[in-house]
Amino acid sequence: MVLGTEDATPVTFWFAVSPGASVQLDDLVVVQTRKPDGVPVRFYGIVDSVRTRHEGVTFDSDVQDVVAGLLPASVSYAARVLVTRVNPENFIPPQPGDEVRHARGDDLHMALSADKMKDAAFPGGLLADGQVLPLNYRFVNGENGGHINISGISGVATKTSYALFLLHSIFRSGVMGTRAHAGRALIFNVKGEDLLFLDQPNREVQATEDGVRAAKNLPRGRYDLLGLPMTPFRDVQFLAPPRPGGLGGGVILPNVEQRSSGVTPFVFSLREFCTGRMLPYAFADRDASLNLGFVIGSIEDRLSRLAQGDDAPYLTVEDWKPDTDVILDENVRFGELGEARIETFAQLVSYLEYKLLEENEGEGDRRWVGKQSPATLQAFIRRLRGVQKHLSPLIRGDLSAEQTRLFRPDILREGVQTSVVDIHKLGSHAQMFVVGVLLRDLFEYKERMGRKDTVFVVLDELNKYAPREGDSPIKDVLLDIAERGRSLGIILIGAQQTASEVERRIVSNAAIRVVGRLDLAEAERPEYRFLPQSFRARAGILQPGTMLVSQPDVPNPVLVNYPFPAWATRWDEVAGEVGQQVEDAGKDWLGL
């Protein structure tokens, strides 16, 4: 019953737990009161605090005498409720003595606003008592809101695991209806090779889920309760950067260790780098100098015009006359008419250095140099040289026409629902380049085509790609996706260890906020004010597989757990053999 010794308000109240009953944190409850005219008003809420204490004693040390039977006392068992919904919306307080019950069935739907979601509800996990938390898909797909943001400590917050569970739920719950085939996912694998087995069954899932079912005394397995199949992802393609050096003979191999079969290497042609205006994404700190930004824009335009009029993967130039030593070092090839063929990123950098700093006795080509100072041009070349070793394996002009077609990353390929782009072995600059270029291309495609389908982008380490301080092309793309992407059908499922270090507009545009284990100092930052104080304190002790989920339909966060992945998350979880070693696959491709 609602206590009479504590204030009861329309938004929070305390209730006494009857002898023999049990109430725990995160239980959902319902209480009904009546207005003076007899109209019933129901309050639905979530338990955020429980406590027991002795009544009838004064001193802390009295507990020993009470236990020994020397002092009379009774135990008060009470819980505090944060109200999530009032129906009808008559904000009167509940009355002392009103009966409080666990919310189940229709009452649970009302408490979590599932009646408003109707056919837009999809499972977001299980509550502590095994009931399903519905999430409103309209606040995910861009209809009423969009984007999901997940925060938590690396390794124990299981951010990526929960993001993949949400994807699995969206794709397989039926919430997308007849358009389920039109849903796509682009996942960037930034840590290890764990995401290269999403299409493989997890041999440990059945035993793990059986153990959880027995431990929690659930009536059925968690996948059954959620209404989801216990199966891996379907229609998946895996893309990885090329292995340095390959096996010779022009063979391009994916740079992976644990899996080779089913993994396709990706590269960008040198001409595509120029025509596609990818140069800005080679610079992670564009804001370091305003003049440097002007140089990047000018050179980007020059390279785009230089690459027009041909579809060969390499570039040909007539105005480069390097010294013999440079020719030998850079392997520059010349055509019959004296044209120099640029086939590598290193050669392109050397050509730019010639045009900006060496031509005309060190003054450079005035059409390329403009009014920029030599110091700015030197800084531009120096930065390009700094990223040269990172980008050279990805940007190549020594490809055949067939290789250019096969290895261009196509994340919207026909028949593919989920694309996993492995970038964990790339250096920081190369990771920024790949993520920036692919997201820019996706955004521009959706601007042309509109919301023909919905693309979910899963990206961890947002604090690296869109930091709160500074400016960069990739940050601009992520801001465009956060602010305009939902109207185009691009949904960002972003994750980071510390939301306080991510661009504020990206985090604030997420309609659904999720928190795993947090550092307690981080939990007190303003970015987490959507969590009541009691939830912020608990965020520091959350276990892997448990998340706090906040959504617009429910004013207070809800604690959920989700099942063990049905897809393998590392090679030793794969139910069967996945393929051959990289070297053996290369020999097969070579016909050896």
# chains A, B, ... in the order shown; residues from 1 in each chain; ligands from 1
>>> residues_around(residues="A:Tyr44", least_positions_apart="2", cutoff="7 Å", atoms="only C-alpha atoms", output="list in words")
Val29, Val30, Val31, Arg42, Val83, Thr84, Arg85, Val86 and Ala111 of chain A
>>> residues_around(residues="A:Pro10", least_positions_apart="3", cutoff="9 Å", atoms="only C-alpha atoms", output="PyMOL selection string")
chain A and resi 13+43+83+86+90-94
>>> select_by_dssp(residues="stretch 105-192 of chain A", states="strand (DSSP E or B)", output="number ranges by chain")
A: 121-126, 132-136, 141, 146, 148-151, 184-189
>>> atom_distance(atom1="atom CA of A:Asp107", atom2="atom CA of A:Ala128")
16.2 Å
>>> residues_around(residues="A:Thr52", least_positions_apart="3", cutoff="10 Å", atoms="only C-alpha atoms", output="ChimeraX atom specification")
/A:16-17,55,75-79
